[in-house]
$ cat work_37.txt   # compact mmCIF, C-alpha atoms
# COMPACT_ATOMS: atom_id res chain seq x y z
CA MET A 1 133.32 98.43 96.81
CA THR A 2 132.74 96.36 93.67
CA ALA A 3 129.55 96.59 91.66
CA GLY A 4 128.67 93.04 92.72
CA THR A 5 128.84 93.88 96.44
CA ALA A 6 126.79 97.03 95.88
CA ARG A 7 124.13 94.96 94.06
CA THR A 8 124.05 92.35 96.82
CA ILE A 9 123.61 95.00 99.51
CA ALA A 10 120.97 96.81 97.45
CA LEU A 11 119.03 93.56 96.96
CA GLY A 12 119.17 92.78 100.69
CA ALA A 13 118.06 96.31 101.61
CA ALA A 14 115.18 96.20 99.11
CA LEU A 15 114.00 92.81 100.41
CA PHE A 16 114.17 93.99 104.03
CA GLY A 17 112.32 97.21 103.16
CA PHE A 18 109.61 95.16 101.45
CA TRP A 19 109.40 92.83 104.48
CA LEU A 20 109.10 95.86 106.77
CA VAL A 21 106.20 97.35 104.79
CA LEU A 22 104.29 94.06 104.67
CA SER A 23 104.88 93.12 108.31
CA GLY A 24 104.21 96.37 110.17
CA HIS A 25 105.69 94.93 113.39
CA PHE A 26 108.67 96.74 114.86
CA THR A 27 109.67 94.66 117.93
CA PRO A 28 113.40 93.78 118.04
CA PHE A 29 112.79 90.00 117.76
CA LEU A 30 110.60 90.28 114.66
CA LEU A 31 112.96 92.81 113.08
CA LEU A 32 115.77 90.29 113.59
CA MET A 33 113.62 87.63 111.88
CA GLY A 34 113.17 90.03 108.97
CA VAL A 35 116.90 90.60 108.66
CA VAL A 36 117.56 86.84 108.83
CA SER A 37 114.93 85.97 106.24
CA SER A 38 116.04 88.65 103.77
CA ALA A 39 119.68 87.59 104.21
CA LEU A 40 118.60 83.99 103.57
CA CYS A 41 116.81 85.10 100.38
CA VAL A 42 119.91 86.97 99.16
CA TRP A 43 122.02 83.87 99.85
CA ILE A 44 119.62 81.60 97.92
CA VAL A 45 119.50 84.05 94.99
CA ALA A 46 123.29 84.28 94.91
CA ARG A 47 123.48 80.47 94.81
CA MET A 48 120.92 80.24 92.00
CA GLU A 49 122.34 82.85 89.65
CA PRO A 50 124.89 85.67 89.68
CA ILE A 51 123.45 88.91 91.08
CA ASP A 52 124.01 90.96 87.94
CA GLU A 53 122.40 93.86 86.09
CA THR A 54 119.35 91.72 85.22
CA ALA A 55 118.67 90.81 88.85
CA VAL A 56 119.31 94.25 90.37
CA PRO A 57 119.20 96.98 87.69
CA LEU A 58 121.27 99.70 89.34
CA GLY A 59 122.18 101.02 85.88
CA LEU A 60 118.92 102.97 85.60
CA ARG A 61 119.07 106.68 86.25
CA PRO A 62 116.99 108.27 89.05
CA SER A 63 115.23 110.25 86.30
CA LEU A 64 113.17 107.07 85.85
CA LEU A 65 110.78 108.63 88.40
CA LEU A 66 110.43 111.75 86.25
CA TYR A 67 109.83 109.49 83.24
CA TRP A 68 107.04 107.70 85.15
CA LEU A 69 105.39 111.07 85.84
CA TRP A 70 105.54 111.92 82.13
CA LEU A 71 104.25 108.44 81.27
CA GLY A 72 101.37 108.93 83.73
CA GLY A 73 100.34 112.04 81.80
CA GLU A 74 100.52 110.16 78.49
CA ILE A 75 98.43 107.31 79.94
CA VAL A 76 95.70 109.72 81.07
CA LYS A 77 95.69 111.44 77.64
CA SER A 78 95.38 108.20 75.67
CA ASN A 79 92.78 106.86 78.11
CA ILE A 80 90.62 109.87 77.29
CA ALA A 81 91.12 109.23 73.56
CA VAL A 82 90.14 105.54 73.87
CA ALA A 83 87.14 106.43 76.06
CA ARG A 84 85.99 108.89 73.36
CA MET A 85 86.23 106.11 70.78
CA ILE A 86 84.23 103.67 72.90
CA LEU A 87 81.52 106.20 73.72
CA ALA A 88 81.14 107.49 70.15
CA ARG A 89 77.76 106.69 68.61
CA ARG A 90 79.40 104.85 65.71
CA ILE A 91 82.70 103.19 66.50
CA SER A 92 85.18 104.01 63.76
CA LEU A 93 88.50 102.23 64.07
CA LEU A 94 91.54 102.38 61.83
CA PRO A 95 93.56 99.59 63.45
CA ARG A 96 97.09 98.96 62.28
CA PHE A 97 100.19 96.90 62.93
CA ILE A 98 103.18 99.23 62.95
CA LEU A 99 106.91 98.73 63.22
CA VAL A 100 108.43 100.83 66.01
CA PRO A 101 112.25 101.10 65.93
CA THR A 102 113.96 100.93 69.32
CA SER A 103 117.15 102.77 70.24
CA GLN A 104 117.79 101.18 73.67
CA GLN A 105 121.05 99.35 74.32
CA SER A 106 119.99 97.08 77.20
CA ASP A 107 117.24 94.49 77.57
CA MET A 108 115.92 96.41 80.58
CA GLY A 109 115.59 99.55 78.45
CA ARG A 110 113.68 97.64 75.77
CA VAL A 111 111.41 96.09 78.42
CA ILE A 112 110.61 99.53 79.83
CA PHE A 113 109.83 100.86 76.35
CA ALA A 114 107.69 97.85 75.36
CA ASN A 115 105.82 97.94 78.66
CA SER A 116 105.26 101.70 78.38
CA ILE A 117 103.71 101.18 74.94
CA THR A 118 101.39 98.52 76.33
CA LEU A 119 100.52 100.67 79.38
CA THR A 120 99.19 103.50 77.22
CA PRO A 121 95.77 102.37 75.97
CA GLY A 122 95.45 102.44 72.19
CA THR A 123 98.81 100.75 71.63
CA VAL A 124 99.90 97.21 72.56
CA THR A 125 103.30 95.63 71.96
CA VAL A 126 102.62 92.39 70.10
CA GLU A 127 106.06 91.03 69.28
CA THR A 128 109.58 92.03 70.24
CA GLY A 129 112.71 91.92 68.12
CA GLY A 130 116.30 93.03 68.33
CA LYS A 131 115.88 96.42 66.69
CA ALA A 132 112.14 96.99 66.51
CA LEU A 133 108.82 96.21 68.16
CA LEU A 134 105.62 95.19 66.42
CA VAL A 135 102.84 97.32 67.87
CA HIS A 136 99.08 97.15 67.39
CA ALA A 137 97.47 100.59 67.46
CA LEU A 138 93.76 101.48 67.38
CA ALA A 139 94.37 104.49 65.13
CA GLU A 140 97.24 106.51 63.74
CA SER A 141 96.89 109.23 66.39
CA PHE A 142 97.98 106.78 69.12
CA SER A 143 101.33 105.99 67.52
CA THR A 144 102.57 109.54 66.85
CA SER A 145 104.13 109.99 70.31
CA LEU A 146 106.08 106.70 70.22
CA PRO A 147 109.39 108.08 68.79
CA ASP A 148 109.39 110.67 71.58
CA MET A 149 108.79 107.92 74.16
CA ASP A 150 111.65 105.90 72.63
CA ARG A 151 114.04 108.84 73.11
CA ARG A 152 112.94 109.37 76.72
CA VAL A 153 113.44 105.69 77.63
CA THR A 154 116.92 105.70 76.07
CA ALA A 155 117.76 108.79 78.13
CA ILE A 156 117.05 107.03 81.46
CA GLU A 157 119.00 103.94 80.48
CA GLY A 158 122.32 105.23 81.82
CA ARG A 159 125.91 104.37 80.91
CA MET B 160 90.76 119.41 106.07
CA ASN B 161 89.08 116.04 106.57
CA LEU B 162 86.24 117.11 104.36
CA PHE B 163 88.70 118.19 101.69
CA ILE B 164 90.45 114.79 101.73
CA ASP B 165 87.10 113.00 101.63
CA ILE B 166 86.02 115.02 98.62
CA ALA B 167 89.34 114.35 96.85
CA SER B 168 89.14 110.63 97.59
CA TRP B 169 85.55 110.35 96.37
CA PHE B 170 86.54 112.26 93.26
CA PHE B 171 89.11 109.54 92.50
CA PHE B 172 86.63 106.75 93.37
CA SER B 173 84.02 108.18 91.00
CA LEU B 174 86.51 108.81 88.24
CA GLY B 175 87.96 105.30 88.64
CA GLY B 176 84.47 103.80 88.65
CA LEU B 177 83.60 105.74 85.50
CA VAL B 178 86.74 104.47 83.77
CA LEU B 179 85.92 100.89 84.79
CA ILE B 180 82.39 101.22 83.35
CA VAL B 181 83.63 102.75 80.09
CA GLY B 182 86.30 100.07 79.82
CA ALA B 183 83.75 97.31 80.40
CA LEU B 184 81.47 98.91 77.79
CA GLY B 185 84.39 98.96 75.39
CA MET B 186 84.99 95.25 75.94
CA VAL B 187 81.43 94.66 74.73
CA ARG B 188 81.15 97.29 71.99
CA LEU B 189 84.48 96.99 70.21
CA PRO B 190 84.45 94.57 67.27
CA ASP B 191 87.34 92.13 67.71
CA PHE B 192 90.00 90.74 70.03
CA TRP B 193 92.63 93.29 69.08
CA SER B 194 90.53 96.34 69.79
CA ARG B 195 89.05 94.89 72.99
CA ILE B 196 92.52 94.50 74.45
CA HIS B 197 92.79 98.32 74.46
CA ALA B 198 89.57 98.67 76.46
CA ALA B 199 90.99 96.18 78.96
CA GLY B 200 94.10 98.36 79.04
CA MET B 201 91.99 101.29 80.26
CA ILE B 202 90.69 99.19 83.14
CA ASP B 203 94.05 98.02 84.40
CA THR B 204 95.83 101.35 84.04
CA ILE B 205 93.93 104.36 85.32
CA GLY B 206 90.81 102.41 86.38
CA ALA B 207 92.63 100.38 89.01
CA GLU B 208 95.14 103.13 89.85
CA PHE B 209 92.50 105.82 90.47
CA MET B 210 90.69 103.43 92.83
CA LEU B 211 93.97 102.86 94.68
CA VAL B 212 94.63 106.61 94.93
CA GLY B 213 91.14 107.04 96.42
CA MET B 214 91.89 104.32 98.99
CA MET B 215 95.27 105.91 99.80
CA LEU B 216 93.57 109.22 100.54
CA GLN B 217 91.15 107.40 102.87
CA SER B 218 93.89 105.63 104.83
CA GLY B 219 96.08 108.74 105.25
CA LEU B 220 99.77 108.62 106.18
CA THR B 221 99.85 105.02 107.43
CA LEU B 222 101.52 101.74 106.57
CA THR B 223 98.36 100.79 104.70
CA THR B 224 99.01 103.61 102.23
CA LEU B 225 102.51 102.29 101.67
CA LYS B 226 101.07 98.82 100.97
CA LEU B 227 98.53 100.31 98.54
CA LEU B 228 101.40 102.15 96.84
CA LEU B 229 103.20 98.82 96.41
CA ILE B 230 100.03 97.22 94.96
CA GLY B 231 99.83 100.14 92.52
CA LEU B 232 103.47 99.65 91.53
CA PHE B 233 102.95 95.93 90.94
CA ILE B 234 99.86 96.55 88.79
CA PHE B 235 101.88 99.18 86.91
CA ILE B 236 104.53 96.56 86.03
CA ALA B 237 102.57 93.29 85.91
CA GLY B 238 99.54 94.69 84.02
CA PRO B 239 101.28 95.48 80.72
CA THR B 240 103.34 92.29 81.00
CA ALA B 241 100.15 90.22 81.16
CA THR B 242 98.56 92.24 78.34
CA HIS B 243 101.63 91.66 76.19
CA ALA B 244 101.56 87.93 76.98
CA ILE B 245 97.92 87.70 75.81
CA ALA B 246 98.56 89.78 72.67
CA ASN B 247 101.68 87.77 71.86
CA ALA B 248 99.83 84.47 72.34
CA ALA B 249 97.07 85.63 69.97
CA TRP B 250 99.70 86.77 67.46
CA SER B 251 101.50 83.42 67.63
CA ALA B 252 98.20 81.58 67.20
CA GLY B 253 97.57 83.53 63.98
CA GLU B 254 94.67 85.69 65.18
CA LYS B 255 94.38 88.48 62.58
CA PRO B 256 92.44 91.70 63.13
CA GLN B 257 89.73 92.74 60.67
CA GLY B 258 89.98 95.85 58.49
CA LEU B 259 93.62 96.76 59.02
CA ALA B 260 94.42 100.27 57.78
CA ARG B 261 98.13 99.48 57.69
CA ASP B 262 100.08 96.27 58.26
CA ASP B 263 103.84 96.22 58.87
CA SER B 264 103.86 92.70 60.27
CA ALA B 265 105.31 91.11 57.11
CA ARG B 266 108.15 93.64 57.18
CA PHE B 267 108.73 92.80 60.85
CA ALA B 268 108.89 89.05 60.15
CA GLU B 269 111.47 89.66 57.40
CA GLY B 270 113.58 91.86 59.66
CA GLU B 271 113.64 89.08 62.24
CA LYS B 272 114.91 86.51 59.78
CA ALA B 273 117.70 88.76 58.49

$ encode --input "work_37.txt" --output "structure tokens"
Amino acid sequence: MTAGTARTIALGAALFGFWLVLSGHFTPFLLLMGVVSSALCVWIVARMEPIDETAVPLGLRPSLLLYWLWLGGEIVKSNIAVARMILARRISLLPRFILVPTSQQSDMGRVIFANSITLTPGTVTVETGGKALLVHALAESFSTSLPDMDRRVTAIEGR
Amino acid sequence: MNLFIDIASWFFFSLGGLVLIVGALGMVRLPDFWSRIHAAGMIDTIGAEFMLVGMMLQSGLTLTTLKLLLIGLFIFIAGPTATHAIANAAWSAGEKPQGLARDDSARFAEGEKA
């Protein structure tokens, strides 16, 4: 089976799974409608653009789920730090624009890294470039874990 | 068991509500656009997600929980994308933060030209 066929089947299966969750009806006729409509969607997508790595990113490792767990922990930690700042009697900020080098090979990897930075409060990706991201941070303490995050995202990239 | 789940779900509702209040307070208290964006980040990460977890605990092992899980996943992906779009728009429009302790943006602009 070629990678293209695998991607097409994966896209169809994902669309049908999504349809199933949203519909909640399991009679044969409606299930058939679901299959038909997801197949129709796959056909339209295939006509519009090639079903490649960008459309169906199968290149990501399953350890993405473990990464999300780790990221969840980081988000909670930085949320507490930002909440402390907001609730302090006198707000003292040391905002900064910092350059964060990226080590990802693929666009998808860079997107995951940039989005992870934005997801953790205290840091926001402002501008993206080929080899680095411009990040706004509320204080220096928020940016210290970013190299570690960069390594973890590169590790789930695969290939 | 039911009581236990109820307590857990109300724990998440209260925690989520607290985060939403602190985030809203931050939107008011913080001095400029760039710092307020971080308070908004609190609201759309754990604020919204904790509320969803509370709702999932209330609905139990049903299709509704699966739908809530999907909503959570979409917020998880669309939230930072929207935040980045706003920050990037402000950056392009030349909005500069006050009192920067460090500024690498000139270095970044040079790197992009090279």

$ closest_residue --input "work_37.txt" --among "A:Leu15, A:Leu134, A:Leu31, A:Ala3" --to "chain B" --atoms "all atoms listed in the file"
A:Leu134

$ closest_atom_pairs --input "work_37.txt" --of "chain B" --to "chain A" --cutoff "6 Å" --atoms "all atoms listed in the file" --output "JSON lines"
{"residue": "B:Gly185", "atom": "CA", "partner": "A:Ile86", "partner_atom": "CA", "distance": 5.3}
{"residue": "B:His197", "atom": "CA", "partner": "A:Pro121", "partner_atom": "CA", "distance": 5.3}
{"residue": "B:Gly200", "atom": "CA", "partner": "A:Pro121", "partner_atom": "CA", "distance": 5.3}
{"residue": "B:Met201", "atom": "CA", "partner": "A:Pro121", "partner_atom": "CA", "distance": 5.8}
{"residue": "B:Pro239", "atom": "CA", "partner": "A:Thr118", "partner_atom": "CA", "distance": 5.3}
{"residue": "B:Ala246", "atom": "CA", "partner": "A:Val126", "partner_atom": "CA", "distance": 5.5}
{"residue": "B:Asn247", "atom": "CA", "partner": "A:Val126", "partner_atom": "CA", "distance": 5.0}
{"residue": "B:Leu259", "atom": "CA", "partner": "A:Arg96", "partner_atom": "CA", "distance": 5.2}
{"residue": "B:Ala260", "atom": "CA", "partner": "A:Arg96", "partner_atom": "CA", "distance": 5.4}
{"residue": "B:Arg261", "atom": "CA", "partner": "A:Arg96", "partner_atom": "CA", "distance": 4.7}
{"residue": "B:Asp262", "atom": "CA", "partner": "A:Phe97", "partner_atom": "CA", "distance": 4.7}
{"residue": "B:Asp263", "atom": "CA", "partner": "A:Ile98", "partner_atom": "CA", "distance": 5.1}

$ atom_distance --input "work_37.txt" --atom1 "CA of Arg110 in chain A" --atom2 "CA of Val153 in chain A"
8.3 Å
